[in-house]
>>> print(open('target.cif').read())   # mmCIF, C-alpha atoms
data_run
loop_
_atom_site.label_atom_id
_atom_site.label_comp_id
_atom_site.auth_asym_id
_atom_site.auth_seq_id
_atom_site.Cartn_x
_atom_site.Cartn_y
_atom_site.Cartn_z
CA MET A 1 -40.37 4.83 18.37
CA ALA A 2 -39.31 2.49 15.55
CA ILE A 3 -37.10 2.99 12.52
CA ASN A 4 -38.68 2.87 9.07
CA LEU A 5 -36.24 1.25 6.63
CA GLU A 6 -37.91 2.92 3.66
CA LEU A 7 -36.25 6.30 3.08
CA PRO A 8 -38.66 9.26 2.97
CA LYS A 9 -39.43 10.94 -0.36
CA LYS A 10 -37.78 14.17 0.78
CA PHE A 11 -34.42 12.45 0.20
CA ASP A 12 -35.18 11.55 -3.43
CA SER A 13 -33.59 14.75 -4.72
CA THR A 14 -30.47 14.12 -2.63
CA VAL A 15 -30.09 10.61 -4.03
CA GLU A 16 -30.61 11.81 -7.60
CA ARG A 17 -28.30 14.83 -7.32
CA THR A 18 -25.42 13.06 -5.60
CA HIS A 19 -25.59 10.00 -7.84
CA LEU A 20 -25.50 12.18 -10.95
CA ALA A 21 -22.44 13.96 -9.59
CA ALA A 22 -20.78 10.62 -8.84
CA GLU A 23 -21.58 9.26 -12.29
CA HIS A 24 -20.86 12.28 -14.46
CA ILE A 25 -18.19 14.19 -12.50
CA PHE A 26 -16.36 11.68 -10.29
CA ARG A 27 -16.21 8.53 -12.40
CA PRO A 28 -14.79 10.20 -15.56
CA ILE A 29 -11.88 11.78 -13.63
CA SER A 30 -11.38 9.00 -11.06
CA ARG A 31 -8.36 7.41 -12.73
CA LYS A 32 -6.92 10.79 -13.74
CA TYR A 33 -6.46 12.01 -10.17
CA ASP A 34 -5.46 8.59 -8.91
CA LYS A 35 -2.43 8.91 -11.17
CA ALA A 36 -1.93 12.65 -10.55
CA GLU A 37 -1.53 12.40 -6.77
CA HIS A 38 -1.57 15.76 -4.93
CA GLU A 39 -2.93 17.61 -7.98
CA TYR A 40 -6.04 19.55 -6.99
CA PRO A 41 -9.21 18.39 -8.83
CA THR A 42 -10.40 21.75 -10.20
CA GLU A 43 -13.55 20.05 -11.53
CA LEU A 44 -14.84 20.02 -7.95
CA ASP A 45 -15.05 23.81 -7.60
CA ASP A 46 -18.33 24.09 -9.53
CA LEU A 47 -19.70 21.05 -7.69
CA ALA A 48 -18.92 22.73 -4.35
CA LYS A 49 -20.89 25.83 -5.39
CA LEU A 50 -23.89 23.71 -6.36
CA ALA A 51 -23.64 21.75 -3.10
CA LYS A 52 -23.62 24.96 -1.09
CA GLN A 53 -26.74 26.19 -2.86
CA GLY A 54 -28.47 22.89 -2.19
CA ARG A 55 -27.66 22.81 1.52
CA GLY A 56 -30.07 25.67 2.28
CA SER A 57 -33.07 23.83 0.85
CA GLU A 58 -31.94 20.60 2.51
CA LYS A 59 -31.85 22.27 5.94
CA ALA A 60 -35.37 23.53 5.38
CA ALA A 61 -36.53 20.04 4.43
CA ASP A 62 -34.81 18.47 7.44
CA SER A 63 -36.44 20.95 9.81
CA SER A 64 -39.84 19.79 8.57
CA SER A 65 -40.75 16.28 9.69
CA SER A 66 -44.11 16.15 7.90
CA ASP A 67 -43.23 12.93 6.08
CA ASP A 68 -41.25 11.40 8.90
CA GLY A 69 -44.05 10.30 11.18
CA PRO A 70 -43.18 9.84 14.86
CA SER A 71 -39.44 9.53 14.14
CA VAL A 72 -37.06 11.94 12.42
CA ASN A 73 -34.88 11.53 9.35
CA GLY A 74 -32.67 14.59 9.31
CA ALA A 75 -29.17 15.84 8.63
CA ASN A 76 -27.40 12.65 9.70
CA MET A 77 -29.48 10.47 7.39
CA ARG A 78 -29.08 12.92 4.53
CA GLY A 79 -25.30 13.00 5.06
CA LEU A 80 -25.30 9.21 5.02
CA ILE A 81 -27.08 9.06 1.68
CA SER A 82 -24.83 11.71 0.12
CA ALA A 83 -21.67 9.92 1.26
CA LEU A 84 -22.93 6.58 -0.04
CA GLU A 85 -23.88 7.85 -3.50
CA MET A 86 -20.77 9.94 -4.03
CA SER A 87 -18.44 7.20 -2.79
CA TRP A 88 -19.98 5.01 -5.48
CA GLY A 89 -18.21 7.46 -7.76
CA ASP A 90 -14.90 8.07 -5.95
CA VAL A 91 -14.05 8.24 -2.24
CA GLY A 92 -10.93 10.39 -2.69
CA LEU A 93 -12.82 12.99 -4.72
CA LEU A 94 -15.62 13.05 -2.14
CA LEU A 95 -13.02 13.88 0.52
CA SER A 96 -11.73 16.71 -1.69
CA ILE A 97 -14.97 18.67 -2.15
CA PRO A 98 -14.38 22.22 -0.82
CA GLY A 99 -16.37 23.03 2.30
CA GLN A 100 -17.10 19.44 3.32
CA GLY A 101 -14.16 18.39 5.49
CA LEU A 102 -14.23 16.05 8.48
CA GLY A 103 -13.66 19.11 10.64
CA ASN A 104 -17.01 20.48 9.50
CA ALA A 105 -18.66 17.40 11.01
CA ALA A 106 -16.86 18.08 14.28
CA ILE A 107 -18.09 21.67 14.31
CA ALA A 108 -21.65 20.53 13.61
CA ALA A 109 -21.44 17.99 16.45
CA VAL A 110 -20.17 20.11 19.34
CA ALA A 111 -20.20 23.83 18.44
CA ASN A 112 -22.51 26.30 20.19
CA PRO A 113 -24.96 28.42 18.13
CA GLU A 114 -22.54 31.36 17.90
CA GLN A 115 -19.75 29.09 16.65
CA LEU A 116 -22.06 27.40 14.15
CA GLU A 117 -22.79 30.82 12.69
CA LYS A 118 -19.14 31.95 12.79
CA PHE A 119 -17.82 28.83 11.05
CA SER A 120 -20.75 28.22 8.70
CA ASP A 121 -18.73 28.93 5.56
CA VAL A 122 -15.35 27.42 6.43
CA TRP A 123 -13.72 24.30 4.97
CA ALA A 124 -12.34 22.51 8.01
CA ALA A 125 -9.97 19.55 8.08
CA MET A 126 -9.63 17.36 11.19
CA ALA A 127 -6.31 16.96 13.03
CA ILE A 128 -6.25 14.24 15.70
CA THR A 129 -3.52 11.66 15.03
CA GLU A 130 0.07 12.35 16.09
CA PRO A 131 3.41 10.65 15.34
CA SER A 132 3.35 8.99 18.78
CA PHE A 133 -0.07 7.34 18.48
CA GLY A 134 -2.63 6.05 15.98
CA SER A 135 -6.21 5.34 17.04
CA ASP A 136 -5.74 6.00 20.77
CA SER A 137 -7.29 9.47 20.78
CA ALA A 138 -6.71 9.82 24.52
CA ALA A 139 -2.94 9.96 23.92
CA VAL A 140 -3.04 13.49 22.45
CA SER A 141 0.12 15.42 23.38
CA THR A 142 -0.42 18.61 21.36
CA THR A 143 -0.91 21.39 23.90
CA ALA A 144 -3.13 24.47 24.04
CA THR A 145 -2.03 26.90 26.75
CA ARG A 146 -4.29 29.78 27.78
CA ASP A 147 -2.66 33.19 27.37
CA GLY A 148 -5.05 36.11 27.85
CA ASP A 149 -7.79 35.94 25.25
CA ASP A 150 -5.98 33.28 23.26
CA TYR A 151 -4.78 29.70 23.43
CA VAL A 152 -1.23 28.99 22.22
CA VAL A 153 -1.10 25.68 20.35
CA ASN A 154 2.05 23.58 19.98
CA GLY A 155 2.44 20.13 18.45
CA GLU A 156 2.40 18.08 15.27
CA LYS A 157 -0.49 16.26 13.59
CA ILE A 158 -0.25 13.58 10.92
CA PHE A 159 -2.69 12.03 8.41
CA VAL A 160 -4.78 15.21 8.17
CA THR A 161 -7.25 14.69 5.31
CA ALA A 162 -7.52 17.84 3.14
CA GLY A 163 -4.86 19.39 5.38
CA SER A 164 -3.21 21.42 2.62
CA ARG A 165 -6.46 22.47 0.92
CA ALA A 166 -8.85 23.34 3.76
CA ASP A 167 -8.89 26.92 5.08
CA HIS A 168 -9.37 25.82 8.72
CA VAL A 169 -8.44 22.78 10.78
CA VAL A 170 -10.10 21.37 13.91
CA VAL A 171 -7.22 20.46 16.24
CA TRP A 172 -7.41 18.17 19.24
CA ALA A 173 -5.13 19.43 22.03
CA THR A 174 -4.82 19.12 25.79
CA ILE A 175 -5.23 22.19 27.97
CA ASP A 176 -3.72 20.41 30.99
CA LYS A 177 -1.55 17.30 30.57
CA SER A 178 -1.69 16.47 34.29
CA VAL A 179 -5.45 15.86 34.16
CA GLY A 180 -5.40 13.30 31.35
CA ARG A 181 -8.09 12.76 28.74
CA ALA A 182 -10.61 15.07 30.43
CA ALA A 183 -8.48 18.05 29.37
CA ILE A 184 -8.55 17.23 25.65
CA LYS A 185 -10.44 19.88 23.71
CA SER A 186 -10.94 20.72 20.05
CA PHE A 187 -10.04 24.08 18.53
CA VAL A 188 -10.93 25.62 15.17
CA VAL A 189 -7.66 27.01 13.81
CA PRO A 190 -7.44 29.10 10.59
CA MET A 191 -4.68 27.71 8.35
CA THR A 192 -3.43 31.29 7.85
CA THR A 193 -2.54 31.50 11.56
CA GLU A 194 1.10 32.37 12.15
CA GLY A 195 2.95 29.27 13.33
CA VAL A 196 0.74 26.81 11.36
CA THR A 197 2.66 25.07 8.56
CA VAL A 198 2.04 22.12 6.26
CA ALA A 199 5.22 20.08 6.67
CA ARG A 200 4.58 17.54 3.89
CA LEU A 201 2.01 15.57 1.92
CA GLU A 202 1.88 11.78 2.19
CA HIS A 203 2.13 9.33 -0.72
CA LYS A 204 -0.58 6.73 -0.13
CA LEU A 205 -1.93 3.33 -1.13
CA GLY A 206 -5.34 4.71 -2.07
CA ILE A 207 -7.64 7.78 -2.14
CA LYS A 208 -4.80 9.58 -3.91
CA ALA A 209 -7.11 12.34 -5.14
CA SER A 210 -7.38 13.45 -1.51
CA ASP A 211 -4.36 15.18 0.04
CA THR A 212 -3.15 13.84 3.40
CA ALA A 213 -0.90 16.27 5.26
CA VAL A 214 1.41 16.65 8.22
CA ILE A 215 0.68 19.93 10.01
CA ARG A 216 2.91 21.60 12.62
CA PHE A 217 1.77 24.11 15.22
CA GLU A 218 4.50 26.31 16.68
CA ASN A 219 3.18 28.90 19.15
CA ALA A 220 0.06 29.29 17.04
CA ARG A 221 -2.30 31.76 18.74
CA VAL A 222 -5.99 30.87 18.54
CA PRO A 223 -8.83 33.00 19.96
CA ALA A 224 -10.35 31.45 23.07
CA GLU A 225 -13.81 31.50 21.47
CA ASN A 226 -12.53 29.02 18.88
CA LEU A 227 -12.54 26.26 21.51
CA LEU A 228 -15.48 24.01 20.65
CA GLY A 229 -17.73 23.10 23.55
CA SER A 230 -16.99 23.97 27.16
CA PRO A 231 -13.51 25.16 28.25
CA GLU A 232 -14.13 23.63 31.69
CA ILE A 233 -12.39 20.37 32.59
CA ASP A 234 -15.01 17.83 33.64
CA THR A 235 -13.25 14.70 34.91
CA LYS A 236 -16.56 12.83 35.17
CA LYS A 237 -17.42 13.43 31.54
CA ALA A 238 -13.82 12.76 30.49
CA PHE A 239 -13.45 13.81 26.84
CA GLY A 240 -16.91 12.73 25.83
CA GLY A 241 -17.53 16.12 24.25
CA VAL A 242 -14.86 15.81 21.59
CA MET A 243 -15.52 12.08 21.19
CA GLN A 244 -19.14 12.90 20.34
CA THR A 245 -17.80 13.91 16.94
CA PHE A 246 -17.21 10.24 16.11
CA ASP A 247 -20.84 9.35 16.82
CA ASN A 248 -21.71 11.51 13.81
CA THR A 249 -18.75 10.78 11.53
CA ARG A 250 -18.32 7.01 11.92
CA PRO A 251 -21.67 6.21 10.26
CA VAL A 252 -20.69 8.56 7.42
CA VAL A 253 -17.41 6.68 6.91
CA ALA A 254 -19.42 3.46 7.01
CA ALA A 255 -21.64 4.92 4.29
CA MET A 256 -18.54 5.64 2.19
CA ALA A 257 -17.61 1.97 2.52
CA ILE A 258 -21.14 0.94 1.54
CA GLY A 259 -21.08 3.16 -1.55
CA LEU A 260 -17.72 1.82 -2.67
CA GLY A 261 -18.81 -1.74 -1.88
CA ARG A 262 -21.92 -1.30 -4.01
CA ALA A 263 -19.80 -0.09 -6.93
CA ALA A 264 -17.59 -3.19 -6.69
CA LEU A 265 -20.58 -5.53 -6.40
CA GLU A 266 -22.21 -4.00 -9.46
CA GLU A 267 -19.05 -4.43 -11.51
CA LEU A 268 -18.58 -7.98 -10.22
CA ARG A 269 -22.18 -8.84 -11.14
CA ARG A 270 -21.63 -7.46 -14.65
CA MET A 271 -18.49 -9.56 -15.09
CA LEU A 272 -20.18 -12.74 -13.82
CA GLU A 273 -23.21 -12.32 -16.06
CA GLU A 274 -20.99 -11.49 -19.04
CA ALA A 275 -19.20 -14.80 -18.38
CA GLY A 276 -22.56 -16.61 -18.45
CA HIS A 277 -23.05 -17.01 -14.67
CA GLU A 278 -26.55 -15.74 -13.91
CA ILE A 279 -27.39 -14.96 -10.27
CA ASP A 280 -30.59 -16.75 -9.27
CA TYR A 281 -31.96 -15.81 -5.86
CA ASP A 282 -34.66 -18.50 -6.10
CA ARG A 283 -32.08 -21.29 -6.00
CA PRO A 284 -29.83 -22.25 -3.07
CA ALA A 285 -26.45 -20.54 -3.36
CA ALA A 286 -24.69 -23.89 -2.92
CA ALA A 287 -26.44 -25.21 -6.04
CA GLN A 288 -25.02 -22.45 -8.23
CA HIS A 289 -21.59 -21.67 -9.66
CA ALA A 290 -18.98 -21.13 -6.91
CA THR A 291 -18.40 -17.48 -7.89
CA VAL A 292 -22.17 -16.84 -7.84
CA ALA A 293 -22.41 -18.35 -4.36
CA GLU A 294 -19.56 -16.09 -3.27
CA PHE A 295 -21.28 -13.06 -4.79
CA ILE A 296 -24.51 -13.82 -2.90
CA ARG A 297 -22.57 -14.13 0.37
CA LEU A 298 -20.77 -10.81 -0.20
CA GLU A 299 -24.04 -9.10 -1.10
CA SER A 300 -25.63 -10.29 2.14
CA GLU A 301 -22.68 -8.95 4.15
CA TRP A 302 -23.08 -5.64 2.30
CA GLU A 303 -26.78 -5.54 3.17
CA ALA A 304 -25.98 -6.13 6.85
CA SER A 305 -23.51 -3.23 6.76
CA TRP A 306 -26.15 -0.95 5.26
CA LEU A 307 -28.72 -1.84 7.93
CA HIS A 308 -26.19 -1.27 10.74
CA THR A 309 -25.36 2.14 9.29
CA LEU A 310 -28.96 3.18 8.74
CA ARG A 311 -29.67 2.42 12.37
CA ALA A 312 -26.72 4.47 13.67
CA ALA A 313 -27.66 7.55 11.62
CA TRP A 314 -31.35 7.24 12.50
CA MET A 315 -30.49 7.12 16.21
CA ALA A 316 -28.39 10.28 15.87
CA ASP A 317 -31.25 12.11 14.15
CA ASN A 318 -33.63 11.00 16.89
CA LYS A 319 -31.31 12.12 19.72
CA GLN A 320 -30.67 8.59 20.92
CA PRO A 321 -27.17 7.68 22.23
CA ASN A 322 -25.53 5.84 19.33
CA SER A 323 -21.84 5.40 20.23
CA THR A 324 -22.10 1.61 20.20
CA GLU A 325 -24.11 1.53 16.97
CA ALA A 326 -21.78 4.05 15.30
CA SER A 327 -18.80 1.81 16.06
CA MET A 328 -20.72 -1.28 14.95
CA SER A 329 -21.56 0.31 11.61
CA LYS A 330 -17.98 1.45 11.06
CA ALA A 331 -16.51 -1.93 12.03
CA LYS A 332 -18.94 -3.94 9.90
CA ALA A 333 -18.80 -1.72 6.82
CA GLY A 334 -15.02 -1.25 6.97
CA ARG A 335 -14.39 -4.98 7.17
CA THR A 336 -16.98 -5.80 4.52
CA VAL A 337 -15.81 -3.32 1.87
CA THR A 338 -12.23 -4.59 1.98
CA GLU A 339 -13.48 -8.15 1.58
CA ILE A 340 -15.79 -7.22 -1.30
CA THR A 341 -13.18 -5.26 -3.25
CA ASN A 342 -10.42 -7.82 -2.73
CA LYS A 343 -12.71 -10.68 -3.75
CA ALA A 344 -13.77 -8.68 -6.81
CA VAL A 345 -10.11 -8.34 -7.81
CA GLU A 346 -9.56 -12.06 -7.16
CA ILE A 347 -12.61 -13.22 -9.12
CA GLY A 348 -12.00 -10.67 -11.86
CA ALA A 349 -8.54 -12.17 -12.45
CA THR A 350 -6.58 -10.21 -15.08
CA ALA A 351 -9.39 -7.65 -15.47
CA GLY A 352 -9.48 -7.13 -11.70
CA PHE A 353 -5.72 -6.68 -11.35
CA SER A 354 -5.17 -4.33 -14.29
CA GLU A 355 -5.96 -0.66 -14.80
CA THR A 356 -8.48 -1.42 -17.55
CA SER A 357 -11.27 -1.17 -14.96
CA LEU A 358 -11.55 0.51 -11.57
CA LEU A 359 -11.58 -2.71 -9.52
CA GLU A 360 -7.92 -2.58 -8.51
CA LYS A 361 -8.28 1.11 -7.58
CA TRP A 362 -11.34 0.39 -5.47
CA ALA A 363 -9.42 -2.34 -3.66
CA ARG A 364 -6.70 0.17 -2.78
CA ASP A 365 -9.18 2.90 -1.83
CA SER A 366 -11.23 0.60 0.39
CA LYS A 367 -8.47 -0.12 2.92
CA ILE A 368 -8.51 3.38 4.41
CA LEU A 369 -12.22 3.00 5.16
CA ASP A 370 -11.34 0.22 7.59
CA ILE A 371 -8.64 2.39 9.20
CA PHE A 372 -9.48 6.07 9.62
CA GLU A 373 -12.02 7.30 12.16
CA GLY A 374 -10.78 4.39 14.31
CA THR A 375 -9.34 1.07 13.16
CA GLN A 376 -11.18 -2.26 13.19
CA GLN A 377 -9.47 -3.13 16.48
CA ILE A 378 -10.48 0.14 18.13
CA GLN A 379 -14.12 -0.27 17.06
CA GLN A 380 -14.25 -3.79 18.47
CA LEU A 381 -12.72 -2.55 21.71
CA ILE A 382 -15.33 0.22 22.00
CA ILE A 383 -18.14 -2.23 21.27
CA ALA A 384 -16.82 -4.72 23.84
CA ARG A 385 -16.61 -2.03 26.52
CA ARG A 386 -20.19 -0.95 25.86
CA VAL A 387 -21.62 -4.47 25.72
CA LEU A 388 -19.76 -5.64 28.83
CA GLY A 389 -20.19 -2.39 30.76
CA LYS A 390 -16.43 -1.90 31.14
CA SER A 391 -14.51 1.37 31.28
CA SER A 392 -11.42 2.17 29.23
CA THR A 393 -9.37 1.45 32.35
CA ASP A 394 -11.01 -1.96 32.83
CA LEU A 395 -10.68 -3.09 29.23
CA LYS A 396 -7.69 -1.97 27.16
#
>>> encode(input="target.cif", output="structure tokens")
Amino acid sequence: MAINLELPKKFDSTVERTHLAAEHIFRPISRKYDKAEHEYPTELDDLAKLAKQGRGSEKAADSSSSDDGPSVNGANMRGLISALEMSWGDVGLLLSIPGQGLGNAAIAAVANPEQLEKFSDVWAAMAITEPSFGSDSAAVSTTATRDGDDYVVNGEKIFVTAGSRADHVVVWATIDKSVGRAAIKSFVVPMTTEGVTVARLEHKLGIKASDTAVIRFENARVPAENLLGSPEIDTKKAFGGVMQTFDNTRPVVAAMAIGLGRAALEELRRMLEEAGHEIDYDRPAAAQHATVAEFIRLESEWEASWLHTLRAAWMADNKQPNSTEASMSKAKAGRTVTEITNKAVEIGATAGFSETSLLEKWARDSKILDIFEGTQQIQQLIIARRVLGKSSTDLK
């Protein structure tokens, strides 16, 4: 079974709809909410309603593979395209759309059919990182202790995207510290639960339109059926169940980086051509103006990121293990978008460094795409383990 790099026609409406939203809703208010950090973008409420209406028809289209041939292009590929197009508009605003939190991706990845139905209409944030660790997800110290029909959750989570706006949060917690990573499970916790509090909102370098919260859990009681996946501790599987979430979300974050990178490349191309430097693909890059040669190099890196990401999403849709490819796409796209946006600021000179265009904002926004969902270093470590056949104990 081989991947077809030409996207099927059933995605045309998704591309058109999401790009129009990025162009006509996100771009006009992008600078406004960058300056008004922590102010909720009310313009997104109507967009969320339209998105919800569209998801029903999209699910129907994804369930039909009539134009897919022997392979499948489904929900993962559609999510990729949506993230790319809307990040062309504004990454922070994309992360603020009601009902589309990172926790929703976790629910979609590991929930059973009953849970998928129960949580179908929630807006779920994702709470993994703690004050004592960054990208080492196995170091979770938040606890979930079984008490009758409930789990009692205690701990503190930091850097929770949409943490003060979402109505639920998917929390990673250990049900038995003595067992290690195998006991780490994810729980869907309503934000109205007694003992759940938003301690503060962070002031950030970029994606300021998106709130980033610290959430505390103090004897918060969660129904046992809100544990995603199996409650059993399987030491052989370790915490592969919760980690499966990343196989779905890392390509989406890579797509965000690709969308933002495309926006910066388009603006850089416009500036170069306005300055009289035409980009000629029929001539060797070395024989053209230095900035044109640099543009061609950056564009090729962007293309490589896109192909990596397409592959990872396609594998997920076709039920192929894609952990390595998901990390590759995230590592490549995260590194590339920061290089593209910083070079665009550098080449753009005064226009790139001022607030007259969005280049300086894109440079700030891009950095988080190389950090969250696992830093560059973590992705390279995961890739090395997979390629070399090493365990996390063998290669740290």
>>> resolve_selection(input="target.cif", expression="the PyMOL selection byres ((chain A and resi 83) around 10)", output="PyMOL selection string")
chain A and resi 15+18-19+77-82+84-89+91+94-95+251-260
>>> resolve_selection(input="target.cif", expression="the PyMOL selection byres ((chain A and resi 137) around 10)", output="number ranges by chain")
A: 128-130, 133-136, 138-141, 172, 181, 184, 239, 242-243, 374
>>> closest_residue(input="target.cif", among="A:Gly206, A:Pro223, A:Gly74, A:Pro190", to="Ala144 in chain A", atoms="all atoms listed in the file")
A:Pro223
>>> closest_residue(input="target.cif", among="A:Glu294, A:Asp149, A:Glu156, A:Glu278", to="Ser132 in chain A", atoms="all atoms listed in the file")
A:Glu156
>>> atom_distance(input="target.cif", atom1="CA of Lys332 in chain A", atom2="CA of Leu310 in chain A")
12.3 Å
>>> residues_around(input="target.cif", residues="Ala331 in chain A", least_positions_apart="2", cutoff="12 Å", atoms="all atoms listed in the file", output="ChimeraX atom specification")
/A:250-251,253-255,257-258,304-306,308-309,324-329,333-338,369-383
>>> write_last_selection(input="target.cif", atoms="C-alpha atoms", output="mmCIF file, keeping the file's coordinate frame")
data_model
loop_
_atom_site.group_PDB
_atom_site.id
_atom_site.type_symbol
_atom_site.label_atom_id
_atom_site.label_comp_id
_atom_site.auth_asym_id
_atom_site.auth_seq_id
_atom_site.Cartn_x
_atom_site.Cartn_y
_atom_site.Cartn_z
ATOM 1 C CA ARG A 250 -18.320 7.010 11.920
ATOM 2 C CA PRO A 251 -21.670 6.210 10.260
ATOM 3 C CA VAL A 253 -17.410 6.680 6.910
ATOM 4 C CA ALA A 254 -19.420 3.460 7.010
ATOM 5 C CA ALA A 255 -21.640 4.920 4.290
ATOM 6 C CA ALA A 257 -17.610 1.970 2.520
ATOM 7 C CA ILE A 258 -21.140 0.940 1.540
ATOM 8 C CA ALA A 304 -25.980 -6.130 6.850
ATOM 9 C CA SER A 305 -23.510 -3.230 6.760
ATOM 10 C CA TRP A 306 -26.150 -0.950 5.260
ATOM 11 C CA HIS A 308 -26.190 -1.270 10.740
ATOM 12 C CA THR A 309 -25.360 2.140 9.290
ATOM 13 C CA THR A 324 -22.100 1.610 20.200
ATOM 14 C CA GLU A 325 -24.110 1.530 16.970
ATOM 15 C CA ALA A 326 -21.780 4.050 15.300
ATOM 16 C CA SER A 327 -18.800 1.810 16.060
ATOM 17 C CA MET A 328 -20.720 -1.280 14.950
ATOM 18 C CA SER A 329 -21.560 0.310 11.610
ATOM 19 C CA ALA A 333 -18.800 -1.720 6.820
ATOM 20 C CA GLY A 334 -15.020 -1.250 6.970
ATOM 21 C CA ARG A 335 -14.390 -4.980 7.170
ATOM 22 C CA THR A 336 -16.980 -5.800 4.520
ATOM 23 C CA VAL A 337 -15.810 -3.320 1.870
ATOM 24 C CA THR A 338 -12.230 -4.590 1.980
ATOM 25 C CA LEU A 369 -12.220 3.000 5.160
ATOM 26 C CA ASP A 370 -11.340 0.220 7.590
ATOM 27 C CA ILE A 371 -8.640 2.390 9.200
ATOM 28 C CA PHE A 372 -9.480 6.070 9.620
ATOM 29 C CA GLU A 373 -12.020 7.300 12.160
ATOM 30 C CA GLY A 374 -10.780 4.390 14.310
ATOM 31 C CA THR A 375 -9.340 1.070 13.160
ATOM 32 C CA GLN A 376 -11.180 -2.260 13.190
ATOM 33 C CA GLN A 377 -9.470 -3.130 16.480
ATOM 34 C CA ILE A 378 -10.480 0.140 18.130
ATOM 35 C CA GLN A 379 -14.120 -0.270 17.060
ATOM 36 C CA GLN A 380 -14.250 -3.790 18.470
ATOM 37 C CA LEU A 381 -12.720 -2.550 21.710
ATOM 38 C CA ILE A 382 -15.330 0.220 22.000
ATOM 39 C CA ILE A 383 -18.140 -2.230 21.270
#
>>> residues_around(input="target.cif", residues="Asn248 in chain A", least_positions_apart="6", cutoff="9 Å", atoms="all atoms listed in the file", output="ChimeraX atom specification")
/A:76,105-106,109,312-313,316,322-323,326
>>> write_last_selection(input="target.cif", atoms="C-alpha atoms", output="JSON list (two decimals), in the coordinates of the input")
[["chain", "number", "residue", "atom", "x", "y", "z"],
["A", 76, "ASN", "CA", -27.40, 12.65, 9.70],
["A", 105, "ALA", "CA", -18.66, 17.40, 11.01],
["A", 106, "ALA", "CA", -16.86, 18.08, 14.28],
["A", 109, "ALA", "CA", -21.44, 17.99, 16.45],
["A", 312, "ALA", "CA", -26.72, 4.47, 13.67],
["A", 313, "ALA", "CA", -27.66, 7.55, 11.62],
["A", 316, "ALA", "CA", -28.39, 10.28, 15.87],
["A", 322, "ASN", "CA", -25.53, 5.84, 19.33],
["A", 323, "SER", "CA", -21.84, 5.40, 20.23],
["A", 326, "ALA", "CA", -21.78, 4.05, 15.30]]
>>> resolve_selection(input="target.cif", expression="the PyMOL selection byres ((chain A and resi 160-166) around 8)", output="list in words")
Leu95, Ser96, Pro98, Gly99, Gly101, Leu102, Trp123, Ala124, Ala125, Met126, Ala127, Ile128, Thr129, Lys157, Ile158, Phe159, Asp167, His168, Val169, Met191, Val198, Leu201, Ser210, Asp211, Thr212, Ala213, Val214 and Ile215 of chain A
>>> closest_residue(input="target.cif", among="A:Arg146, A:Lys185, A:Lys367, A:Arg270", to="Ala111 in chain A", atoms="all atoms listed in the file")
A:Lys185
>>> closest_residue(input="target.cif", among="A:Ile29, A:Ala108, A:Ala36, A:Val72", to="Gln244 in chain A", atoms="all atoms listed in the file")
A:Ala108
>>> closest_residue(input="target.cif", among="A:Leu298, A:Val170, A:Val292, A:Leu93", to="Arg31 in chain A", atoms="all atoms listed in the file")
A:Leu93
>>> closest_residue(input="target.cif", among="A:Thr291, A:Ile97, A:Glu16, A:Gly229", to="Pro113 in chain A", atoms="all atoms listed in the file")
A:Gly229
>>> residues_around(input="target.cif", residues="Pro28 in chain A", least_positions_apart="6", cutoff="12 Å", atoms="all atoms listed in the file", output="MDAnalysis selection string")
chainID A and resid 20:22 34 41 43 89:90 93 357:358
>>> write_last_selection(input="target.cif", atoms="C-alpha atoms", output="short mmCIF file (atom, residue, chain, number, x, y, z; two decimals), keeping the file's coordinate frame")
data_model
loop_
_atom_site.label_atom_id
_atom_site.label_comp_id
_atom_site.auth_asym_id
_atom_site.auth_seq_id
_atom_site.Cartn_x
_atom_site.Cartn_y
_atom_site.Cartn_z
CA LEU A 20 -25.50 12.18 -10.95
CA ALA A 21 -22.44 13.96 -9.59
CA ALA A 22 -20.78 10.62 -8.84
CA ASP A 34 -5.46 8.59 -8.91
CA PRO A 41 -9.21 18.39 -8.83
CA GLU A 43 -13.55 20.05 -11.53
CA GLY A 89 -18.21 7.46 -7.76
CA ASP A 90 -14.90 8.07 -5.95
CA LEU A 93 -12.82 12.99 -4.72
CA SER A 357 -11.27 -1.17 -14.96
CA LEU A 358 -11.55 0.51 -11.57
#
>>> residues_around(input="target.cif", residues="Ala285 in chain A", least_positions_apart="4", cutoff="10 Å", atoms="all atoms listed in the file", output="list of chain:residue names")
A:Ile279, A:Asp280, A:Tyr281, A:His289, A:Ala290, A:Thr291, A:Val292, A:Ala293, A:Glu294, A:Phe295, A:Ile296, A:Arg297
>>> atom_distance(input="target.cif", atom1="CA of Val171 in chain A", atom2="CA of Val189 in chain A")
7.0 Å
>>> atom_distance(input="target.cif", atom1="CA of Arg269 in chain A", atom2="CA of Thr341 in chain A")
12.5 Å
>>> axis_aligned_box(input="target.cif", around="range 172-191 of chain A", padding_each_side="3 Å", output="AutoDock Vina command-line options")
--center_x -6.2 --center_y 20.9 --center_z 21.3 --size_x 15.4 --size_y 22.3 --size_z 31.9
>>> residues_around(input="target.cif", residues="Glu355 in chain A", least_positions_apart="2", cutoff="12 Å", atoms="all atoms listed in the file", output="list in words")
Ser30, Arg31, Lys32, Asp34, Lys35, Val345, Thr350, Ala351, Gly352, Phe353, Ser357, Leu358, Leu359, Glu360, Lys361, Trp362 and Ala363 of chain A
>>> residues_near_point(input="target.cif", point="(-37.4, 9.2, 15.3)", cutoff="10 Å", atoms="only C-alpha atoms", output="MDAnalysis selection string")
chainID A and resid 1:4 65 68:74 314:320
